[in-house]
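> To be precise about what I am sending: the file is called run_26.txt and holds compact mmCIF, C-alpha atoms.
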# COMPACT_ATOMS: atom_id res chain seq x y z
CA MET A 23 161.25 137.37 144.51
CA PHE A 24 162.24 133.89 143.47
CA SER A 25 165.67 133.04 142.22
CA ARG A 26 166.51 130.36 139.60
CA ARG A 27 168.06 127.30 141.04
CA HIS A 28 171.20 126.10 139.39
CA PRO A 29 172.62 122.64 139.86
CA THR A 30 175.74 122.38 141.86
CA SER A 31 178.92 120.99 140.51
CA GLY A 32 178.36 117.69 142.29
CA ALA A 33 174.97 116.99 140.70
CA SER A 34 174.68 114.31 137.98
CA ALA A 35 171.91 115.99 136.02
CA CYS A 36 172.63 116.87 132.39
CA SER A 37 170.77 117.98 129.30
CA SER A 38 169.28 115.62 126.68
CA GLY A 39 171.92 116.61 124.21
CA GLN A 40 174.60 115.72 126.68
CA ARG A 41 172.98 112.29 127.25
CA ARG A 42 172.88 111.55 123.51
CA ARG A 43 176.51 112.61 123.16
CA ALA A 44 177.41 110.38 126.09
CA ARG A 45 175.65 107.32 124.58
CA ARG A 46 177.27 107.96 121.19
CA ALA A 47 180.64 108.23 122.85
CA SER A 48 180.14 104.99 124.78
CA GLY A 49 178.79 103.07 121.75
CA ASN A 50 175.47 102.03 123.48
CA PHE A 51 173.12 103.95 121.22
CA THR A 52 170.61 101.18 120.18
CA PRO A 53 167.05 101.94 119.05
CA LEU A 54 164.20 100.58 121.15
CA VAL A 55 162.94 98.25 118.41
CA SER A 56 166.37 96.70 117.99
CA ARG A 57 166.62 96.05 121.70
CA LEU A 58 163.20 94.39 121.81
CA ALA A 59 164.03 92.21 118.78
CA ALA A 60 167.26 91.08 120.38
CA LYS A 61 165.44 90.26 123.61
CA HIS A 62 162.77 88.25 121.74
CA LYS A 63 165.44 86.33 119.83
CA MET A 64 167.16 85.45 123.06
CA MET A 65 163.87 84.19 124.58
CA VAL A 66 163.08 82.07 121.53
CA SER A 67 166.53 80.51 121.52
CA HIS A 68 166.09 79.43 125.14
CA ARG A 69 162.52 78.18 124.70
CA ARG A 70 162.04 74.43 125.24
CA ILE A 71 160.60 72.44 122.34
CA PRO A 72 157.42 70.60 123.51
CA LEU A 73 157.36 66.82 123.38
CA SER A 74 153.74 66.77 122.29
CA VAL A 75 150.99 69.08 121.18
CA ILE A 76 147.58 69.06 122.81
CA ASN A 77 144.75 68.96 120.32
CA THR A 78 142.31 71.69 121.30
CA ALA A 79 140.02 71.26 118.31
CA SER A 80 137.07 70.58 120.62
CA LYS A 81 137.48 74.13 121.97
CA ALA A 82 137.57 75.80 118.60
CA VAL A 83 135.96 79.20 118.28
CA THR A 84 133.16 79.70 115.81
CA SER A 85 132.78 82.70 113.51
CA SER A 86 130.54 84.37 116.08
CA GLY A 87 133.24 84.06 118.76
CA THR A 88 131.47 81.40 120.87
CA ALA A 89 133.51 78.41 121.98
CA LEU A 90 132.19 74.97 121.07
CA THR A 91 131.60 73.30 124.43
CA SER A 92 130.06 70.09 123.04
CA GLU A 93 130.36 67.82 120.02
CA PRO A 94 128.41 68.90 116.93
CA ALA A 95 125.14 67.13 116.32
CA MET A 96 125.56 64.12 114.04
CA SER A 97 122.93 62.63 111.78
CA PRO A 98 121.78 59.09 112.67
CA PRO A 99 123.76 56.34 110.90
CA ALA A 100 122.26 54.75 107.85
CA SER A 101 120.70 51.33 108.11
CA THR A 102 123.24 48.49 108.02
CA THR A 103 120.74 45.99 106.64
CA VAL A 104 122.02 44.41 103.44
CA SER A 105 119.50 43.10 100.95
CA ASP A 106 119.49 39.44 99.91
CA GLU A 107 119.81 40.51 96.29
CA TYR A 108 123.09 42.29 97.06
CA ILE A 109 124.40 39.23 98.94
CA ARG A 110 123.49 36.93 96.04
CA GLU A 111 125.35 39.27 93.70
CA LYS A 112 128.54 39.23 95.80
CA LEU A 113 128.59 35.55 96.83
CA PRO A 114 130.47 34.37 93.69
CA LEU A 115 133.50 36.28 94.99
CA PHE A 116 133.75 33.73 97.83
CA GLN A 117 132.60 30.67 95.88
CA ASP A 118 135.96 28.91 95.69
CA SER A 119 136.80 29.52 99.35
CA MET A 120 133.43 28.27 100.59
CA LEU A 121 133.48 25.18 98.38
CA ALA A 122 137.01 24.42 99.59
CA GLY A 123 135.75 24.72 103.16
CA LEU A 124 133.01 22.16 102.46
CA ARG A 125 135.42 19.70 100.85
CA ASP A 126 138.07 19.87 103.56
CA VAL A 127 135.84 19.54 106.63
CA ARG A 128 135.33 16.34 108.58
CA LEU A 129 133.81 15.33 111.90
CA ALA A 130 136.09 15.28 114.92
CA THR A 131 134.42 12.12 116.27
CA GLN A 132 132.38 9.38 114.67
CA LEU A 133 128.64 9.98 114.95
CA GLN A 134 127.01 7.32 117.10
CA ARG A 135 123.92 5.49 115.84
CA SER A 136 121.80 6.30 118.88
CA GLY A 137 118.67 7.39 117.03
CA PHE A 138 119.01 10.96 118.31
CA LEU A 139 120.65 13.88 116.58
CA PRO A 140 123.12 15.93 118.62
CA LYS A 141 122.53 19.67 118.84
CA GLU A 142 126.13 20.42 117.89
CA LEU A 143 129.00 18.69 116.14
CA GLN A 144 132.70 19.37 116.39
CA ILE A 145 134.40 19.66 113.02
CA ILE A 146 138.00 19.70 111.85
CA ALA A 147 139.00 21.82 108.87
CA ASN A 148 142.18 20.79 107.09
CA ASP A 149 142.87 24.23 105.63
CA TYR A 150 141.70 27.38 107.40
CA LEU A 151 143.72 29.64 105.11
CA SER A 152 142.23 28.89 101.69
CA GLY A 153 138.83 27.55 102.78
CA ILE A 154 135.95 29.07 104.72
CA PRO A 155 134.66 26.46 107.22
CA PRO A 156 130.92 25.72 107.23
CA THR A 157 128.70 27.38 109.80
CA HIS A 158 126.01 24.68 110.12
CA MET A 159 125.43 20.99 109.57
CA LEU A 160 122.15 20.11 107.87
CA ALA A 161 120.57 16.80 108.85
CA VAL A 162 118.48 16.19 105.74
CA HIS A 163 115.77 13.56 105.87
CA ALA A 164 112.56 12.73 104.04
CA SER A 165 109.35 14.41 105.06
CA ARG A 166 106.69 12.31 106.80
CA SER A 167 104.58 12.01 103.68
CA GLU A 168 107.55 10.58 101.77
CA SER A 169 108.98 8.29 104.47
CA ASN A 170 107.63 5.07 105.91
CA ALA A 171 106.43 5.58 109.46
CA SER A 172 107.32 2.01 110.44
CA SER A 173 110.97 2.28 109.32
CA LYS A 174 113.77 4.36 110.77
CA THR A 175 114.32 7.74 109.18
CA LYS A 176 117.49 7.98 107.13
CA VAL A 177 119.43 11.15 107.89
CA THR A 178 122.26 12.51 105.76
CA LEU A 179 124.56 15.27 107.00
CA PHE A 180 125.52 18.15 104.72
CA PRO A 181 127.87 20.93 105.87
CA THR A 182 126.77 24.33 104.64
CA HIS A 183 127.17 28.08 105.05
CA GLU A 184 124.27 29.98 106.51
CA ILE A 185 124.78 33.03 104.29
CA VAL A 186 124.27 30.98 101.10
CA LEU A 187 121.00 29.43 102.27
CA SER A 188 119.65 32.62 103.86
CA ALA A 189 120.28 34.62 100.70
CA HIS A 190 118.45 32.13 98.45
CA CYS A 191 115.80 30.38 100.58
CA ALA A 192 112.75 32.30 101.73
CA ASN A 193 111.30 29.39 103.74
CA LEU A 194 114.48 28.54 105.62
CA PRO A 195 113.88 28.19 109.38
CA LYS A 196 115.87 30.36 111.76
CA LEU A 197 119.27 28.79 112.20
CA PRO A 198 120.91 28.74 115.65
CA GLU A 199 124.25 30.44 116.15
CA SER A 200 127.41 28.43 116.70
CA SER A 201 129.27 28.66 119.99
CA CYS A 202 132.66 28.64 118.24
CA PRO A 203 133.96 28.09 114.68
CA SER A 204 134.93 24.47 115.35
CA VAL A 205 131.56 23.52 116.89
CA ILE A 206 128.61 24.03 114.55
CA PRO A 207 124.87 23.50 115.17
CA VAL A 208 122.99 20.58 113.67
CA VAL A 209 119.80 21.65 111.87
CA PRO A 210 117.19 18.96 110.99
CA LEU A 211 115.71 19.60 107.56
CA ALA A 212 112.82 17.62 106.07
CA LEU A 213 112.63 17.67 102.26
CA PRO A 214 110.55 15.87 99.63
CA SER A 215 113.65 14.38 97.96
CA PRO A 216 116.74 14.17 100.22
CA ALA A 217 118.69 12.40 97.46
CA MET A 218 118.47 15.49 95.24
CA TYR A 219 119.45 18.02 97.89
CA PRO A 220 123.23 17.94 97.23
CA TYR A 221 122.61 18.96 93.62
CA LEU A 222 120.46 21.86 94.74
CA GLN A 223 123.00 23.05 97.30
CA ASN A 224 125.84 22.80 94.80
CA TYR A 225 123.84 24.94 92.38
CA LEU A 226 123.22 27.59 95.05
CA TYR A 227 126.98 27.85 95.48
CA THR A 228 128.06 27.74 91.83
CA LYS A 229 124.98 29.07 89.97
CA ASN A 230 126.06 26.92 87.02
CA VAL A 231 122.76 26.37 85.21
CA THR A 232 124.39 24.65 82.24
CA ALA A 233 126.13 22.02 84.36
CA LEU A 234 122.93 21.17 86.23
CA GLU A 235 120.91 21.01 83.02
CA ASN A 236 123.43 18.67 81.39
CA PHE A 237 123.31 16.44 84.45
CA LEU A 238 119.51 16.16 84.35
CA LEU A 239 119.18 15.60 80.61
CA PRO A 240 120.20 12.32 78.95
CA VAL A 241 123.22 12.22 76.68
CA SER A 242 122.16 12.85 73.09
CA HIS A 243 123.85 9.77 71.60
CA ALA A 244 122.88 7.40 74.42
CA PRO A 245 119.82 5.17 73.99
CA THR A 246 116.79 6.51 75.83
CA HIS A 247 114.73 3.85 77.55
CA VAL A 248 111.41 4.48 79.20
CA THR A 249 112.68 3.36 82.61
CA GLY A 250 115.68 5.68 82.48
CA LEU A 251 113.57 8.62 81.38
CA MET A 252 111.11 8.02 84.21
CA ARG A 253 113.98 8.06 86.73
CA ARG A 254 115.18 11.37 85.31
CA LEU A 255 111.68 12.82 85.51
CA LEU A 256 111.45 11.78 89.16
CA ALA A 257 114.84 13.39 89.83
CA VAL A 258 113.76 16.66 88.22
CA HIS A 259 110.50 16.60 90.15
CA GLY A 260 112.37 15.97 93.41
CA LEU A 261 114.80 18.81 92.72
CA TRP A 262 111.91 21.13 91.98
CA GLY A 263 110.07 19.98 95.13
CA ASN A 264 113.12 20.71 97.30
CA ALA A 265 113.44 24.17 95.81
CA CYS A 266 109.76 24.90 96.45
CA ALA A 267 109.97 23.60 100.02
CA LEU A 268 112.91 25.87 100.78
CA GLY A 269 111.47 28.79 98.85
CA VAL A 270 114.47 29.12 96.55
CA ILE A 271 114.54 32.50 94.80
CA ASP A 272 116.25 32.03 91.45
CA ALA A 273 114.52 32.65 88.12
CA PRO A 274 117.17 30.94 85.92
CA PHE A 275 116.85 27.78 88.01
CA TYR A 276 113.09 27.47 87.46
CA SER A 277 113.45 28.28 83.76
CA MET A 278 115.97 25.46 83.45
CA ILE A 279 113.62 23.07 85.28
CA GLU A 280 110.86 23.86 82.78
CA ARG A 281 113.16 23.27 79.80
CA VAL A 282 114.44 19.96 81.17
CA TRP A 283 110.92 18.81 82.06
CA ALA A 284 109.68 19.57 78.55
CA SER A 285 112.68 17.87 76.92
CA LEU A 286 112.27 14.72 79.01
CA HIS A 287 108.59 14.52 78.14
CA GLN A 288 109.43 14.77 74.44
CA CYS A 289 112.00 11.99 74.81
CA LEU A 290 109.49 9.89 76.71
CA SER A 291 106.87 10.35 73.99
CA ALA A 292 109.41 9.39 71.33
CA ALA A 293 110.43 6.30 73.34
CA HIS A 294 106.80 5.20 73.66
CA ALA A 295 106.25 5.72 69.94
CA SER A 296 109.31 3.66 69.01
CA THR A 297 108.25 0.87 71.38
CA ALA A 298 104.74 0.79 69.93
CA SER A 299 106.01 0.68 66.33
CA ALA A 300 108.36 -2.16 67.14
How would this structure read if it were set down as structure tokens?

Amino acid sequence: MFSRRHPTSGASACSSGQRRRARRASGNFTPLVSRLAAKHKMMVSHRRIPLSVINTASKAVTSSGTALTSEPAMSPPASTTVSDEYIREKLPLFQDSMLAGLRDVRLATQLQRSGFLPKELQIIANDYLSGIPPTHMLAVHASRSESNASSKTKVTLFPTHEIVLSAHCANLPKLPESSCPSVIPVVPLALPSPAMYPYLQNYLYTKNVTALENFLLPVSHAPTHVTGLMRRLLAVHGLWGNACALGVIDAPFYSMIERVWASLHQCLSAAHASTASA
């Protein structure tokens, strides 16, 4: 009933074998993978190199496949408080620079004798590179029990660094902050023996027990008179009183004071004995 349809001579249809033979004859027989590789190579060669790369680490995917939409929880920072013992241990590293800062500083203007202490003083440091300028100016004077109420109070200024005093003195009052490095606050400080304060402050900077002990004790070959020994005993007592008033924390210092006190008493007893025998 039905007849097979045959293509006419004008039709372009052909068998698969004919198509393969035609490609082979024309030289265009390329596998599909080779064509795709060539196309990918061409795309890569024309791709523009980016000028920068966006960091997308905040959108990283976890092992479970969930994107991190917020920063991970961080533990609270540790306390930044540094102990006084640690500061005392590290202060010798800055000893030379701080002492140089004390030696090279001077007042910008002459202090007027008005009877009143200024709250701040402007200072000039000769060398800011090798020396650390002081942070405060101590106005040391005698306490009321030691001074005469009818006379004017003698005040002596001592530049100092707050970190040295705060690390060693438990009874130090709260020191005001300076407005700028060249203008430092003036801090009134009443002590039992103002004359012995510079020796105490120098020790807090250097921690040279031997030098301070040699200064307080008489020279071995020098004659020891009762009057001279009494002056040395008063100096040691004043140094000890200043340390107690400030609450100085330093075991070697107090051990040295005890040794010097005992040695001076022995010298005083020997001086009295020699005077009595004469």
> Would you mind reading off the distance between CA of Ala147 in chain A and CA of Thr178 in chain A, one decimal, in Å?
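Straight-line distance from CA of Ala147 in chain A to CA of Thr178 in chain A works out to 19.4 Å.
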> Pick the closest to Ser188 in chain A from A:Ala212, A:Leu255, A:Leu226, A:Leu261: which is it, counting all atoms listed in the file?
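Nearest candidate to Ser188 in chain A out of A:Ala212, A:Leu255, A:Leu226, A:Leu261: A:Leu226.
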> Which value, in Å to one decimal, gives the distance between CA of Val241 in chain A and CA of Ala257 in chain A?
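Taking CA of Val241 in chain A as the start and CA of Ala257 in chain A as the end point, the length is 15.6 Å.
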> If I take CA of Tyr221 in chain A and CA of Ala292 in chain A, how far is one from the other in Å, to one decimal?
27.6 Å
> When you look at His247 in chain A with a cut-off of 8 Å (counting all atoms listed in the file), what residues show up, excluding the ones that are within fewer than 3 positions of it in the same chain? I need them as an MDAnalysis selection string.
chainID A and resid 250:251 293
> Rank A:Leu256, A:Val231, A:Ala189, A:Leu290 by their smallest atom-to-atom distance to Ala273 in chain A, using only C-alpha atoms, and report the top residue only.
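With only C-alpha atoms as the atom set, the closest residue is A:Val231.
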> Using only C-alpha atoms, collect all residues at a distance of at most 12 Å from (109.3, 30.1, 93.0) as written in the file, then present them as an MDAnalysis selection string.
chainID A and resid 190:193 262:277 279
> Which one is closest to Met278 in chain A: A:Leu124, A:Leu213, A:Leu197, A:Leu238? Count all atoms listed in the file.
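Once distances to Met278 in chain A are computed over all atoms listed in the file, the minimum belongs to A:Leu238.
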> At a cut-off of 12 Å, using all atoms listed in the file, what residues contact Val162 in chain A? Leave out same-chain residues fewer than 3 positions from it and give the result as a PDB file with C-alpha atoms, in the coordinates of the input.

ATOM      1  CA  LEU A 139     120.650  13.880 116.580  1.00  0.00           C
ATOM      2  CA  MET A 159     125.430  20.990 109.570  1.00  0.00           C
ATOM      3  CA  SER A 165     109.350  14.410 105.060  1.00  0.00           C
ATOM      4  CA  THR A 175     114.320   7.740 109.180  1.00  0.00           C
ATOM      5  CA  LYS A 176     117.490   7.980 107.130  1.00  0.00           C
ATOM      6  CA  VAL A 177     119.430  11.150 107.890  1.00  0.00           C
ATOM      7  CA  THR A 178     122.260  12.510 105.760  1.00  0.00           C
ATOM      8  CA  LEU A 179     124.560  15.270 107.000  1.00  0.00           C
ATOM      9  CA  PHE A 180     125.520  18.150 104.720  1.00  0.00           C
ATOM     10  CA  PRO A 181     127.870  20.930 105.870  1.00  0.00           C
ATOM     11  CA  THR A 182     126.770  24.330 104.640  1.00  0.00           C
ATOM     12  CA  VAL A 208     122.990  20.580 113.670  1.00  0.00           C
ATOM     13  CA  VAL A 209     119.800  21.650 111.870  1.00  0.00           C
ATOM     14  CA  PRO A 210     117.190  18.960 110.990  1.00  0.00           C
ATOM     15  CA  LEU A 211     115.710  19.600 107.560  1.00  0.00           C
ATOM     16  CA  ALA A 212     112.820  17.620 106.070  1.00  0.00           C
ATOM     17  CA  LEU A 213     112.630  17.670 102.260  1.00  0.00           C
ATOM     18  CA  PRO A 214     110.550  15.870  99.630  1.00  0.00           C
ATOM     19  CA  SER A 215     113.650  14.380  97.960  1.00  0.00           C
ATOM     20  CA  PRO A 216     116.740  14.170 100.220  1.00  0.00           C
ATOM     21  CA  ALA A 217     118.690  12.400  97.460  1.00  0.00           C
ATOM     22  CA  MET A 218     118.470  15.490  95.240  1.00  0.00           C
ATOM     23  CA  TYR A 219     119.450  18.020  97.890  1.00  0.00           C
ATOM     24  CA  PRO A 220     123.230  17.940  97.230  1.00  0.00           C
ATOM     25  CA  GLN A 223     123.000  23.050  97.300  1.00  0.00           C
ATOM     26  CA  ASN A 264     113.120  20.710  97.300  1.00  0.00           C
TER      27      ASN A 264
END
> Leaving out Ser152 in chain A and any residue of its chain fewer than 5 positions from it, which residues lie within 10 Å of it when counting only C-alpha atoms, given as a list in words?
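After dropping sequence-adjacent residues, the list is Asp118, Ser119, Met120, Ala122 and Gly123 of chain A.
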> Point out the residue among A:Pro114, A:Pro240, A:Pro198, A:Pro156 with the least atom-to-atom distance to Leu129 in chain A, counting only C-alpha atoms.
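The shortest atom-to-atom distance to Leu129 in chain A comes from A:Pro156.
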> Please list, as an MDAnalysis selection string, the residues that have an atom at most 6 Å away from (123.6, 21.7, 118.0) in the coordinates of this file, counting all atoms listed in the file.
chainID A and resid 140:142 207:208
> Print the selection's residues with C-alpha atoms to a file, as a short mmCIF file (atom, residue, chain, number, x, y, z; two decimals), in the frame of the given file.

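This went into result-v5.cif:
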data_model
loop_
_atom_site.label_atom_id
_atom_site.label_comp_id
_atom_site.auth_asym_id
_atom_site.auth_seq_id
_atom_site.Cartn_x
_atom_site.Cartn_y
_atom_site.Cartn_z
CA PRO A 140 123.12 15.93 118.62
CA LYS A 141 122.53 19.67 118.84
CA GLU A 142 126.13 20.42 117.89
CA PRO A 207 124.87 23.50 115.17
CA VAL A 208 122.99 20.58 113.67
#
> Taking all atoms listed in the file into account, name the residue in A:Cys202, A:Asn148, A:Gln288, A:Ser136 that is nearest to Val248 in chain A.
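Using all atoms listed in the file, the shortest distance to Val248 in chain A belongs to A:Gln288.
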